[in-house]
file target_10.txt (compact mmCIF, C-alpha atoms)
# COMPACT_ATOMS: atom_id res chain seq x y z
CA MET Y 1 107.15 99.23 10.10
CA PHE Y 2 108.82 100.13 6.85
CA LEU Y 3 110.51 96.76 6.52
CA PHE Y 4 107.19 94.97 6.46
CA LYS Y 5 105.59 97.47 4.11
CA LEU Y 6 108.34 96.81 1.65
CA LYS Y 7 107.80 93.08 2.01
CA MET Y 8 111.16 91.97 0.78
CA THR Y 9 112.37 88.49 0.27
CA ALA Y 10 114.81 87.92 3.08
CA ALA Y 11 117.89 85.76 2.95
CA VAL Y 12 120.50 85.06 5.54
CA VAL Y 13 123.86 84.28 4.04
CA ALA Y 14 126.79 82.69 5.79
CA ALA Y 15 129.73 84.70 4.53
CA THR Y 16 132.29 82.55 6.24
CA VAL Y 17 131.07 79.29 7.52
CA ALA Y 18 134.02 77.56 9.09
CA MET Y 19 133.02 78.23 12.68
CA SER Y 20 129.31 77.75 12.73
CA GLY Y 21 128.09 74.49 14.08
CA SER Y 22 131.50 73.35 15.17
CA CYS Y 23 130.60 73.69 18.83
CA TRP Y 24 128.20 70.83 18.56
CA PHE Y 25 130.72 68.54 16.94
CA THR Y 26 133.56 69.33 19.27
CA LEU Y 27 131.78 69.53 22.55
CA GLN Y 28 128.98 67.00 22.43
CA ALA Y 29 128.91 64.92 25.56
CA ARG Y 30 129.30 61.19 25.67
CA ALA Y 31 126.58 60.68 28.19
CA ASP Y 32 124.96 57.51 26.97
CA LYS Y 33 124.34 55.82 30.29
CA PRO Y 34 121.37 56.32 32.61
CA PRO Y 35 122.23 58.57 35.54
CA LYS Y 36 123.15 57.18 38.93
CA ALA Y 37 121.50 58.36 42.10
CA LYS Y 38 123.51 61.15 43.72
CA SER Y 39 124.74 58.93 46.54
CA GLU Y 40 126.53 56.81 43.93
CA ALA Y 41 127.89 59.74 41.97
CA PRO Y 42 131.20 61.37 42.87
CA ALA Y 43 130.85 64.53 44.89
CA LYS Y 44 131.53 67.76 43.05
CA PRO Y 45 132.88 70.96 44.50
CA GLY Y 46 130.05 73.43 44.14
CA LYS Y 47 130.77 76.92 45.32
CA PRO Y 48 127.59 78.84 46.09
CA ALA Y 49 127.08 81.75 43.76
CA ALA Y 50 126.55 85.20 45.21
CA VAL Y 51 123.34 85.76 43.26
CA ASP Y 52 120.15 84.85 45.04
CA PRO Y 53 118.75 81.37 44.50
CA LEU Y 54 115.70 81.32 42.26
CA SER Y 55 112.59 79.96 43.91
CA ALA Y 56 110.02 77.95 42.01
CA GLU Y 57 107.56 80.81 42.47
CA GLN Y 58 109.88 83.25 40.77
CA PHE Y 59 110.57 80.87 37.92
CA ALA Y 60 107.77 81.73 35.48
CA LYS Y 61 108.17 85.43 36.11
CA THR Y 62 111.90 85.28 35.44
CA LEU Y 63 111.46 83.16 32.32
CA ALA Y 64 109.03 85.74 30.96
CA LEU Y 65 111.41 88.57 31.84
CA ILE Y 66 114.25 87.04 29.82
CA LYS Y 67 112.28 85.93 26.75
CA PRO Y 68 111.42 88.38 23.93
CA GLN Y 69 108.69 90.79 24.93
CA PRO Y 70 105.66 91.52 22.74
CA GLY Y 71 106.80 93.65 19.82
CA GLU Y 72 110.48 92.99 20.48
CA SER Y 73 112.89 91.41 17.99
CA LYS Y 74 110.57 91.73 15.01
CA TRP Y 75 113.30 90.33 12.78
CA THR Y 76 112.60 86.91 14.25
CA GLU Y 77 109.14 87.04 12.65
CA ILE Y 78 110.59 87.19 9.15
CA PRO Y 79 110.57 83.87 7.27
CA TRP Y 80 114.27 83.97 6.38
CA LEU Y 81 115.59 81.83 3.56
CA LEU Y 82 119.02 80.27 3.91
CA SER Y 83 119.80 80.13 0.18
CA VAL Y 84 120.46 83.08 -2.14
CA HIS Y 85 119.11 81.07 -5.07
CA ASP Y 86 115.86 80.32 -3.26
CA ALA Y 87 115.55 84.02 -2.42
CA ARG Y 88 116.15 85.00 -6.06
CA VAL Y 89 113.48 82.59 -7.30
CA LYS Y 90 110.96 83.89 -4.77
CA ALA Y 91 111.84 87.55 -5.38
CA ALA Y 92 111.56 87.14 -9.15
CA ALA Y 93 108.23 85.36 -8.92
CA GLU Y 94 106.74 87.91 -6.52
CA GLY Y 95 108.34 91.04 -7.93
CA LYS Y 96 110.23 92.01 -4.78
CA PRO Y 97 113.78 92.97 -3.89
CA ILE Y 98 115.99 90.75 -1.74
CA PHE Y 99 117.14 91.81 1.71
CA ILE Y 100 120.41 90.00 2.49
CA TRP Y 101 121.76 89.73 6.01
CA SER Y 102 125.13 88.09 6.03
CA SER Y 103 127.43 87.15 8.84
CA GLY Y 104 130.34 84.91 9.67
CA GLY Y 105 130.80 82.76 12.74
CA ALA Y 106 128.06 84.44 14.74
CA LEU Y 107 125.15 83.63 12.45
CA PRO Y 108 122.15 85.90 12.85
CA LEU Y 109 119.85 82.96 13.44
CA GLY Y 110 121.94 81.68 16.31
CA THR Y 111 124.74 79.18 16.56
CA CYS Y 112 124.14 75.64 17.71
CA MET O 113 131.74 85.67 1.01
CA ASN O 114 134.33 83.14 -0.08
CA ARG O 115 132.05 80.32 -1.17
CA GLN O 116 133.32 78.79 -4.39
CA ASP O 117 129.91 77.86 -5.77
CA ALA O 118 126.95 79.40 -7.55
CA GLU O 119 125.79 81.27 -4.44
CA GLY O 120 129.21 82.87 -3.95
CA GLU O 121 129.52 83.65 -7.66
CA PHE O 122 126.19 85.47 -7.68
CA ILE O 123 127.24 87.66 -4.75
CA ARG O 124 130.79 88.29 -6.00
CA ASP O 125 130.54 88.24 -9.79
CA THR O 126 126.99 89.36 -10.51
CA CYS O 127 126.35 91.73 -7.60
CA LYS O 128 130.04 92.75 -7.31
CA LEU O 129 129.72 92.56 -3.53
CA LYS O 130 132.35 91.71 -0.96
CA LEU O 131 130.39 90.73 2.11
CA SER O 132 132.36 91.05 5.31
CA GLY O 133 132.78 88.22 7.78
CA ALA O 134 131.88 88.19 11.44
CA GLY O 135 130.99 91.87 11.50
CA GLY O 136 127.91 91.13 9.43
CA GLU O 137 126.41 93.08 6.57
CA ILE O 138 123.03 94.16 5.27
CA VAL O 139 122.50 94.74 1.58
CA CYS O 140 119.49 94.76 -0.74
CA VAL O 141 119.65 93.45 -4.30
CA THR O 142 117.30 92.53 -7.10
CA ALA O 143 116.75 88.98 -8.29
CA SER O 144 118.98 89.75 -11.26
CA GLY O 145 121.79 91.05 -9.04
CA LYS O 146 121.49 94.85 -9.08
CA VAL O 147 122.51 96.36 -5.75
CA LEU O 148 119.84 98.69 -4.36
CA GLY O 149 121.47 99.80 -1.12
CA GLY O 150 122.06 98.82 2.47
CA LYS O 151 120.51 99.63 5.81
CA ASP O 152 118.68 102.77 4.64
CA LEU O 153 115.54 101.04 3.44
CA GLN O 154 113.88 104.28 2.35
CA LYS O 155 116.66 104.74 -0.19
CA VAL O 156 116.38 101.07 -1.16
CA LEU O 157 112.69 101.57 -1.87
CA GLU O 158 113.40 104.66 -3.96
CA ALA O 159 116.04 102.78 -5.96
CA TRP O 160 113.62 99.88 -6.46
CA ASN O 161 110.85 102.16 -7.70
CA LYS O 162 113.19 103.72 -10.27
CA LEU O 163 113.86 100.34 -11.91
CA PRO O 164 112.01 99.49 -15.14
CA GLU O 165 109.06 97.11 -15.05
CA SER O 166 111.28 94.47 -16.59
CA GLU O 167 113.14 94.32 -13.27
CA ARG O 168 110.19 94.65 -10.92
CA LYS O 169 107.19 92.93 -12.46
CA PRO O 170 106.42 89.53 -10.92
CA GLY O 171 107.80 86.85 -13.21
CA ALA O 172 109.75 89.32 -15.34
CA VAL O 173 113.19 88.18 -14.20
CA GLN O 174 114.13 84.65 -15.10
CA VAL O 175 116.34 82.93 -12.55
CA GLY O 176 118.26 79.98 -13.92
CA GLU O 177 118.98 76.64 -12.37
CA ARG O 178 120.44 76.46 -8.90
CA GLY O 179 123.97 75.81 -10.13
CA LYS O 180 126.76 74.05 -8.34
CA ILE O 181 126.47 74.22 -4.56
CA ASP O 182 129.27 73.54 -2.09
CA THR O 183 127.16 71.18 0.00
CA ALA O 184 129.96 70.47 2.46
CA LYS O 185 130.16 74.14 3.32
CA VAL O 186 126.41 74.46 3.56
CA ASP O 187 126.28 71.45 5.87
CA ARG O 188 128.89 73.05 8.10
CA ALA O 189 127.00 76.33 8.16
CA TYR O 190 123.56 74.82 8.72
CA PRO O 191 124.12 71.34 10.14
CA THR O 192 121.14 69.03 10.27
CA PRO O 193 120.44 67.58 13.69
CA PRO O 194 120.53 63.78 13.81
CA PRO O 195 117.17 62.03 14.28
CA GLY O 196 116.13 62.12 17.91
CA THR O 197 117.96 65.35 18.73
CA LEU O 198 116.38 67.39 21.48
CA ILE O 199 116.59 71.08 20.65
CA LEU O 200 116.45 73.88 23.15
CA LYS O 201 115.64 77.41 22.13
CA ILE O 202 117.66 79.82 24.22
CA HIS O 203 117.24 83.50 24.96
CA ALA O 204 119.76 85.50 26.94
CA ARG O 205 119.72 89.13 27.90
CA PHE O 206 121.51 91.64 30.04
CA LEU O 207 119.45 92.64 33.06
CA SER O 208 119.74 95.29 35.72
CA ARG O 209 118.60 95.67 39.33
CA ALA O 210 115.89 98.16 40.01
CA ASP O 211 116.18 100.39 43.08
CA GLU O 212 113.74 98.06 44.83
CA GLY O 213 116.12 95.17 44.21
CA HIS O 214 114.18 93.19 41.63
CA LEU O 215 115.52 92.46 38.18
CA ARG O 216 114.46 94.61 35.25
CA HIS O 217 115.35 95.06 31.58
CA VAL O 218 118.38 97.18 30.81
CA THR O 219 118.34 100.56 29.13
CA PRO O 220 121.22 102.39 27.38
CA LYS O 221 121.64 104.40 30.59
CA ASP O 222 122.89 101.26 32.33
CA PHE O 223 125.90 101.21 30.00
CA ILE O 224 128.54 103.67 28.86
CA GLY O 225 125.89 105.48 26.87
CA ASP O 226 125.36 107.18 30.22
CA ASP O 227 128.12 109.68 31.06
CA LYS O 228 128.15 108.76 34.76
CA VAL O 229 128.54 105.03 34.00
CA ARG O 230 131.24 105.76 31.47
CA ALA O 231 133.14 107.87 34.01
CA GLN O 232 132.97 104.98 36.49
CA MET O 233 134.26 102.54 33.89
CA VAL O 234 137.05 104.85 32.75
CA ALA O 235 138.14 105.24 36.39
CA ALA O 236 138.08 101.46 36.94
CA TYR O 237 139.74 100.43 33.65
CA PRO O 238 141.74 103.47 32.47
CA ALA O 239 144.14 101.61 30.19
CA ALA O 240 141.43 99.66 28.31
CA PHE O 241 139.29 102.74 27.80
CA ALA O 242 142.26 104.85 26.72
CA ARG O 243 143.23 102.15 24.20
CA GLU O 244 139.82 102.39 22.51
CA ARG O 245 139.58 106.13 23.06
CA LEU O 246 136.41 105.76 25.07
CA ASP O 247 138.00 107.85 27.82
CA GLY O 248 136.65 111.05 26.34
CA THR O 249 139.06 111.53 23.46
CA LEU O 250 136.90 109.79 20.88
CA PRO O 251 135.29 112.15 18.33
CA LYS O 252 131.75 112.98 19.36
CA ASP O 253 130.16 111.51 16.24
CA VAL O 254 131.89 108.16 16.78
CA LEU O 255 130.88 108.11 20.43
CA GLU O 256 127.31 108.91 19.40
CA HIS O 257 127.43 106.01 16.94
CA LYS O 258 128.42 103.69 19.77
CA ARG O 259 125.64 105.08 21.96
CA ARG O 260 123.12 104.36 19.23
CA GLY O 261 124.55 100.86 18.90
CA ILE O 262 123.90 100.27 22.57
CA ALA O 263 120.38 101.58 22.28
CA GLU O 264 119.58 99.37 19.30
CA ARG O 265 121.11 96.12 20.45
CA ILE O 266 121.45 95.86 24.13
CA SER O 267 117.94 95.72 25.48
CA GLU O 268 116.83 92.78 23.32
CA ALA O 269 116.84 89.08 24.14
CA GLN O 270 119.55 87.36 22.11
CA PRO O 271 118.63 84.01 20.54
CA ASP O 272 120.60 80.79 20.48
CA PHE O 273 120.03 77.03 20.28
CA MET O 274 121.37 74.00 22.04
CA TRP O 275 121.18 70.46 20.72
CA LEU O 276 121.17 67.37 22.92
CA THR O 277 121.80 64.09 21.18
CA GLU O 278 119.40 61.25 21.86
CA ALA O 279 122.04 59.66 24.10
CA GLU O 280 122.47 62.92 26.01
CA TRP O 281 118.83 63.56 26.79
CA LYS O 282 118.22 59.92 27.59
CA SER O 283 121.04 60.18 30.13
CA LEU O 284 118.80 62.57 32.07
CA VAL O 285 116.00 60.04 32.46
CA PRO O 286 116.45 57.92 35.60
CA ALA O 287 116.04 54.20 35.02
CA ASN O 288 114.19 53.34 38.26
CA PRO O 289 113.13 56.67 39.66
CA LYS O 290 111.91 57.18 43.20
CA LYS O 291 110.50 60.43 44.46
CA GLY O 292 113.32 62.42 46.04
CA ASP O 293 116.13 60.74 44.11
CA GLN O 294 118.91 63.13 43.18
CA PHE O 295 121.51 62.69 40.50
CA ALA O 296 124.08 64.83 38.76
CA VAL O 297 123.77 65.95 35.16
CA PRO O 298 126.68 64.33 33.26
CA ALA O 299 129.83 66.42 33.50
CA ALA O 300 130.30 66.95 29.75
CA LEU O 301 126.76 68.25 29.34
CA THR O 302 127.10 70.46 32.41
CA LYS O 303 130.31 71.96 31.05
CA ARG O 304 128.73 72.62 27.69
CA ILE O 305 125.83 74.48 29.26
CA PHE O 306 128.18 76.52 31.43
CA VAL O 307 130.80 77.43 28.83
CA LEU O 308 128.63 77.95 25.76
CA HIS O 309 125.43 79.27 27.27
CA LEU O 310 126.20 80.98 30.59
CA ASP O 311 128.96 83.12 29.12
CA PRO O 312 127.53 86.65 28.75
CA ASN O 313 129.96 87.27 25.89
CA ARG O 314 127.43 85.28 23.87
CA LEU O 315 125.14 88.29 24.11
CA VAL O 316 127.68 90.36 22.19
CA GLY O 317 129.28 87.76 19.91
CA GLU O 318 130.75 84.31 20.37
CA PRO O 319 131.21 82.68 23.76
CA ASP O 320 134.76 82.08 24.91
CA ARG O 321 135.05 78.31 24.46
CA ASN O 322 138.17 78.31 26.64
CA ALA O 323 136.47 79.94 29.61
CA ILE O 324 137.47 78.16 32.81
CA VAL O 325 134.74 76.68 34.96
CA ARG O 326 136.09 77.26 38.47
CA SER O 327 133.32 75.34 40.13
CA GLY O 328 129.73 74.39 39.67
CA GLU O 329 127.25 71.59 39.39
CA LEU O 330 123.87 70.72 37.96
CA ASN O 331 121.64 68.27 39.81
CA LEU O 332 118.27 66.77 39.02
CA THR O 333 115.74 65.79 41.66
CA VAL O 334 112.79 63.50 41.02
CA GLU O 335 109.87 65.62 42.25
CA ASP O 336 107.02 63.40 41.23
CA ILE O 337 106.28 60.15 39.39
CA SER O 338 103.04 58.91 37.90
CA LEU O 339 102.16 56.14 35.49
CA THR O 340 102.67 58.56 32.62
CA ASN O 341 105.15 61.15 33.76
CA ILE O 342 108.39 61.84 35.60
CA ARG O 343 108.73 65.37 36.88
CA LEU O 344 112.27 66.57 37.52
CA ARG O 345 113.64 69.72 39.08
CA LEU O 346 117.06 71.01 38.11
CA ASP O 347 119.20 73.07 40.48
CA GLY O 348 122.72 74.25 40.02
CA SER O 349 125.34 76.94 40.21
CA ALA O 350 128.40 77.93 38.25
CA LEU O 351 131.46 80.06 38.75
CA LEU O 352 133.23 80.97 35.51
CA ARG O 353 136.75 82.41 35.25
CA VAL O 354 137.34 84.21 38.59
CA ASP O 355 135.31 85.10 41.68
CA PHE O 356 134.14 88.64 42.35
CA GLU O 357 136.83 89.44 44.91
CA THR O 358 139.59 88.40 42.52
CA ALA O 359 137.98 90.36 39.72
CA GLN O 360 137.90 93.46 41.92
CA LYS O 361 141.64 93.18 42.49
CA THR O 362 142.72 92.18 39.00
CA GLY O 363 140.10 93.59 36.65
CA GLN O 364 139.51 90.11 35.22
CA GLU O 365 136.13 88.96 34.00
CA GLY O 366 134.07 86.47 35.93
CA GLU O 367 130.53 85.11 36.25
CA GLU O 368 128.47 83.58 39.02
CA ALA O 369 125.16 82.03 38.10
CA ARG O 370 122.32 80.02 39.61
CA LEU O 371 120.17 77.67 37.58
CA VAL O 372 116.70 76.32 38.18
CA GLY O 373 114.74 74.13 35.82
CA PHE O 374 111.61 72.04 35.48
CA LEU O 375 111.56 69.01 33.21
CA ASN O 376 108.74 66.62 32.40
CA TYR O 377 109.38 63.23 30.84
CA ASP O 378 106.43 61.48 29.24
CA LEU O 379 106.82 57.75 29.90
CA GLN O 380 104.40 56.80 27.14
CA LYS O 381 105.76 59.10 24.43
CA LYS O 382 109.27 58.41 25.71
CA SER O 383 110.22 62.04 25.23
CA PHE O 384 110.53 65.24 27.21
CA THR O 385 107.47 67.44 27.06
CA ARG O 386 108.94 70.24 29.18
CA PHE O 387 112.53 71.38 29.46
CA ASP O 388 112.49 74.85 31.00
CA ILE O 389 115.65 76.15 32.60
CA VAL O 390 116.41 79.64 33.85
CA ALA O 391 119.85 80.91 34.78
CA ILE O 392 120.36 84.19 36.57
CA GLY O 393 123.92 85.36 36.91
CA ASP O 394 126.17 88.26 37.66
CA THR O 395 129.04 89.20 35.40
CA TYR O 396 131.84 91.46 36.57
CA GLY O 397 135.02 92.88 35.07
CA LEU O 398 135.41 93.62 31.38
CA LEU O 399 133.76 91.27 28.92
CA SER O 400 136.20 89.34 26.75
CA PRO O 401 137.94 91.34 24.01
CA GLY O 402 136.04 91.26 20.78
CA LEU O 403 132.86 92.82 19.60
CA GLY O 404 132.19 95.80 21.80
CA HIS O 405 133.43 94.33 25.05
CA LEU O 406 133.95 97.76 26.56
CA THR O 407 130.69 99.11 25.24
CA TYR O 408 128.73 96.37 26.93
CA SER O 409 130.70 96.06 30.16
CA ARG O 410 129.29 97.67 33.28
CA PRO O 411 130.68 98.62 36.69
CA GLY O 412 130.37 96.20 39.61
CA ARG O 413 128.07 93.19 39.50
CA SER O 414 125.87 93.21 36.41
CA PRO O 415 123.02 90.72 36.19
CA TYR O 416 122.08 88.73 33.11
CA GLY O 417 119.61 85.95 32.45
CA VAL O 418 119.44 82.90 30.22
CA ALA O 419 116.23 80.99 29.44
CA PHE O 420 116.14 77.50 27.89
CA GLU O 421 112.95 76.03 26.43
CA LEU O 422 112.10 72.92 24.49
CA VAL O 423 111.52 73.30 20.76
CA SER O 424 108.22 71.55 20.37
CA GLY O 425 108.43 68.17 18.68
CA SER O 426 112.15 67.71 19.17
CA GLY O 427 113.65 64.85 21.12
CA GLY O 428 111.51 62.29 19.33
CA THR O 429 112.46 59.75 16.70
CA SER O 430 112.49 62.03 13.67
CA THR O 431 114.44 65.10 12.71
CA PRO O 432 112.45 68.12 13.86
CA GLU O 433 111.74 70.96 11.50
CA GLY O 434 112.63 74.55 12.18
CA TYR O 435 115.77 73.85 14.13
CA PHE O 436 117.27 77.04 12.74
CA GLY O 437 113.95 78.82 12.80
CA THR O 438 113.47 81.99 14.69
CA GLY O 439 110.08 81.35 16.20
CA LYS O 440 109.70 82.53 19.74

call {"tool": "encode", "arguments": {"input": "target_10.txt", "output": "structure tokens"}}
result
Amino acid sequence: MFLFKLKMTAAVVAATVAMSGSCWFTLQARADKPPKAKSEAPAKPGKPAAVDPLSAEQFAKTLALIKPQPGESKWTEIPWLLSVHDARVKAAAEGKPIFIWSSGGALPLGTC
Amino acid sequence: MNRQDAEGEFIRDTCKLKLSGAGGEIVCVTASGKVLGGKDLQKVLEAWNKLPESERKPGAVQVGERGKIDTAKVDRAYPTPPPGTLILKIHARFLSRADEGHLRHVTPKDFIGDDKVRAQMVAAYPAAFARERLDGTLPKDVLEHKRRGIAERISEAQPDFMWLTEAEWKSLVPANPKKGDQFAVPAALTKRIFVLHLDPNRLVGEPDRNAIVRSGELNLTVEDISLTNIRLRLDGSALLRVDFETAQKTGQEGEEARLVGFLNYDLQKKSFTRFDIVAIGDTYGLLSPGLGHLTYSRPGRSPYGVAFELVSGSGGTSTPEGYFGTGK
């Protein structure tokens, strides 16, 4: 693949950073007590979903179906740097250009 | 890029770039700040090769000190998990049902890239498609651009992470377990999994943090206990926003999902050594407005899957490395 032939230094830059990570701070649970057995826990209304239940036998197969397949998402194999300065130092030392992928709230490497 | 520090100054003042926000941007530059191009890497390579040796030779460009960094902003962008955080690597992807009924990966033909699917969607949601000119009035080149977008993006697994604090994951370990014991996953954790990770809008952009959980539960069952290990099975279901019947009448979005998981807790290491969860759901109606919600919406019930796996080494006493890494 051309990208790998070029062997750039890759940096991911957060263009706007206000949103990223906030989910963890705002929604973290306060679950600091050991769980009670179900008989002691309050009953919850659970409406059965229309999709078929997943059996234990189907589990591994389904997990493999969802995860990246061989050769898919090659960008995840790139050792991205999170600092432009670090990328500049590496690029200068190795004589390579810098490939910058920037984004805002939806960071390329995934939100927490 | 609005960072008021050395990183922002390099991008803005040296490179003369204005990187966009949520839409994302790809650009190639030299270590000294010369812009070489964008997505067309062949042209980038040509521009690079035209540069003098003084720009390309290893060690030729001198990069100064790091400069002033807005550490508060960096910390918000790339927060460090507290010691003991358990980290789950998540992959989610749109799926489809094969003629034989089993789930398969999607292709562009499952979406409005296919004329028949687009006709179905235009008939079901005429106003929304007319608003974005996807009802047939869009110029052909723009429509083709959207088709290519579908082809490039839609079939891949989309990555994400979930962090569980030490208190959270310890809340999943029963104090005096007996085989067959059942207990509910704490409500706050359940809601977080449902809202942030079962929302298929996450496959296109951000999840809708205000999505209503109509009903649902997550339960753990003690399947086996030994001197060294507790094996737990997770079962659950979720109904987000509206049910299918309501969605059919109103055009609203909704999701139904089932979850199954297998967790192992090592009593000697006092940490989880397995934390695999799979969710299979159906989404229906139009995805939430935002990045390509029409482009990625499909007629009827449309399956999707979410897989959660433990990031090796997390959930211990130290801060794990690679929490933002992209390893599979």

call {"tool": "residues_around", "arguments": {"input": "target_10.txt", "residues": "Ala56 in chain Y", "least_positions_apart": "6", "cutoff": "12 Å", "atoms": "only C-alpha atoms", "output": "list in words"}}
result
Thr62 and Leu63 of chain Y; Arg345, Leu346, Asp347, Leu371, Val372, Gly373, Phe374, Asp388, Ile389 and Val390 of chain O

call {"tool": "atom_distance", "arguments": {"input": "target_10.txt", "atom1": "CA of Thr219 in chain O", "atom2": "CA of Ile266 in chain O"}}
result
7.5 Å

call {"tool": "residues_around", "arguments": {"input": "target_10.txt", "residues": "Asp86 in chain Y", "least_positions_apart": "2", "cutoff": "12 Å", "atoms": "only C-alpha atoms", "output": "PyMOL selection string"}}
result
(chain Y and resi 9-13+80-84+88-93+98) or (chain O and resi 118-119+143+175-179)

call {"tool": "atom_distance", "arguments": {"input": "target_10.txt", "atom1": "CA of Pro251 in chain O", "atom2": "CA of Asp227 in chain O"}}
result
14.8 Å

call {"tool": "residues_near_point", "arguments": {"input": "target_10.txt", "point": "(110.4, 86.4, 25.2)", "cutoff": "10 Å", "atoms": "only C-alpha atoms", "output": "JSON, numbers by chain"}}
result
{"Y": [63, 64, 65, 66, 67, 68, 69, 70, 71, 72, 73], "O": [202, 203, 204, 268, 269, 270, 271, 419, 440]}

call {"tool": "atom_distance", "arguments": {"input": "target_10.txt", "atom1": "CA of Lys61 in chain Y", "atom2": "CA of Val418 in chain O"}}
result
13.0 Å

call {"tool": "residues_around", "arguments": {"input": "target_10.txt", "residues": "Lys180 in chain O", "least_positions_apart": "5", "cutoff": "12 Å", "atoms": "all atoms listed in the file", "output": "PyMOL selection string"}}
result
(chain Y and resi 85) or (chain O and resi 115-122+186)

call {"tool": "write_last_selection", "arguments": {"input": "target_10.txt", "atoms": "C-alpha atoms", "output": "PDB file, in the coordinates of the input"}}
result
ATOM      1  CA  HIS Y  85     119.110  81.070  -5.070  1.00  0.00           C
TER       2      HIS Y  85
ATOM      3  CA  ARG O 115     132.050  80.320  -1.170  1.00  0.00           C
ATOM      4  CA  GLN O 116     133.320  78.790  -4.390  1.00  0.00           C
ATOM      5  CA  ASP O 117     129.910  77.860  -5.770  1.00  0.00           C
ATOM      6  CA  ALA O 118     126.950  79.400  -7.550  1.00  0.00           C
ATOM      7  CA  GLU O 119     125.790  81.270  -4.440  1.00  0.00           C
ATOM      8  CA  GLY O 120     129.210  82.870  -3.950  1.00  0.00           C
ATOM      9  CA  GLU O 121     129.520  83.650  -7.660  1.00  0.00           C
ATOM     10  CA  PHE O 122     126.190  85.470  -7.680  1.00  0.00           C
ATOM     11  CA  VAL O 186     126.410  74.460   3.560  1.00  0.00           C
TER      12      VAL O 186
END

call {"tool": "axis_aligned_box", "arguments": {"input": "target_10.txt", "around": "range 56-65 of chain Y", "padding_each_side": "6 Å", "output": "AutoDock Vina command-line options"}}
result
--center_x 109.7 --center_y 83.3 --center_z 36.7 --size_x 16.3 --size_y 22.6 --size_z 23.5

call {"tool": "residues_near_point", "arguments": {"input": "target_10.txt", "point": "(126.2, 77.6, 35.9)", "cutoff": "7 Å", "atoms": "only C-alpha atoms", "output": "ChimeraX atom specification"}}
result
/O:306,310,328,348-351,369-371

call {"tool": "residues_around", "arguments": {"input": "target_10.txt", "residues": "Trp275 in chain O", "least_positions_apart": "3", "cutoff": "7 Å", "atoms": "all atoms listed in the file", "output": "short mmCIF file (atom, residue, chain, number, x, y, z; two decimals) with C-alpha atoms, in the frame of the given file"}}
result
data_model
loop_
_atom_site.label_atom_id
_atom_site.label_comp_id
_atom_site.auth_asym_id
_atom_site.auth_seq_id
_atom_site.Cartn_x
_atom_site.Cartn_y
_atom_site.Cartn_z
CA CYS Y 112 124.14 75.64 17.71
CA THR O 197 117.96 65.35 18.73
CA LEU O 198 116.38 67.39 21.48
CA ILE O 199 116.59 71.08 20.65
CA LEU O 200 116.45 73.88 23.15
#

call {"tool": "closest_residue", "arguments": {"input": "target_10.txt", "among": "Y:Ala87, Y:Gly95, Y:Ile78, Y:Gln58", "to": "chain O", "atoms": "all atoms listed in the file"}}
result
Y:Gly95
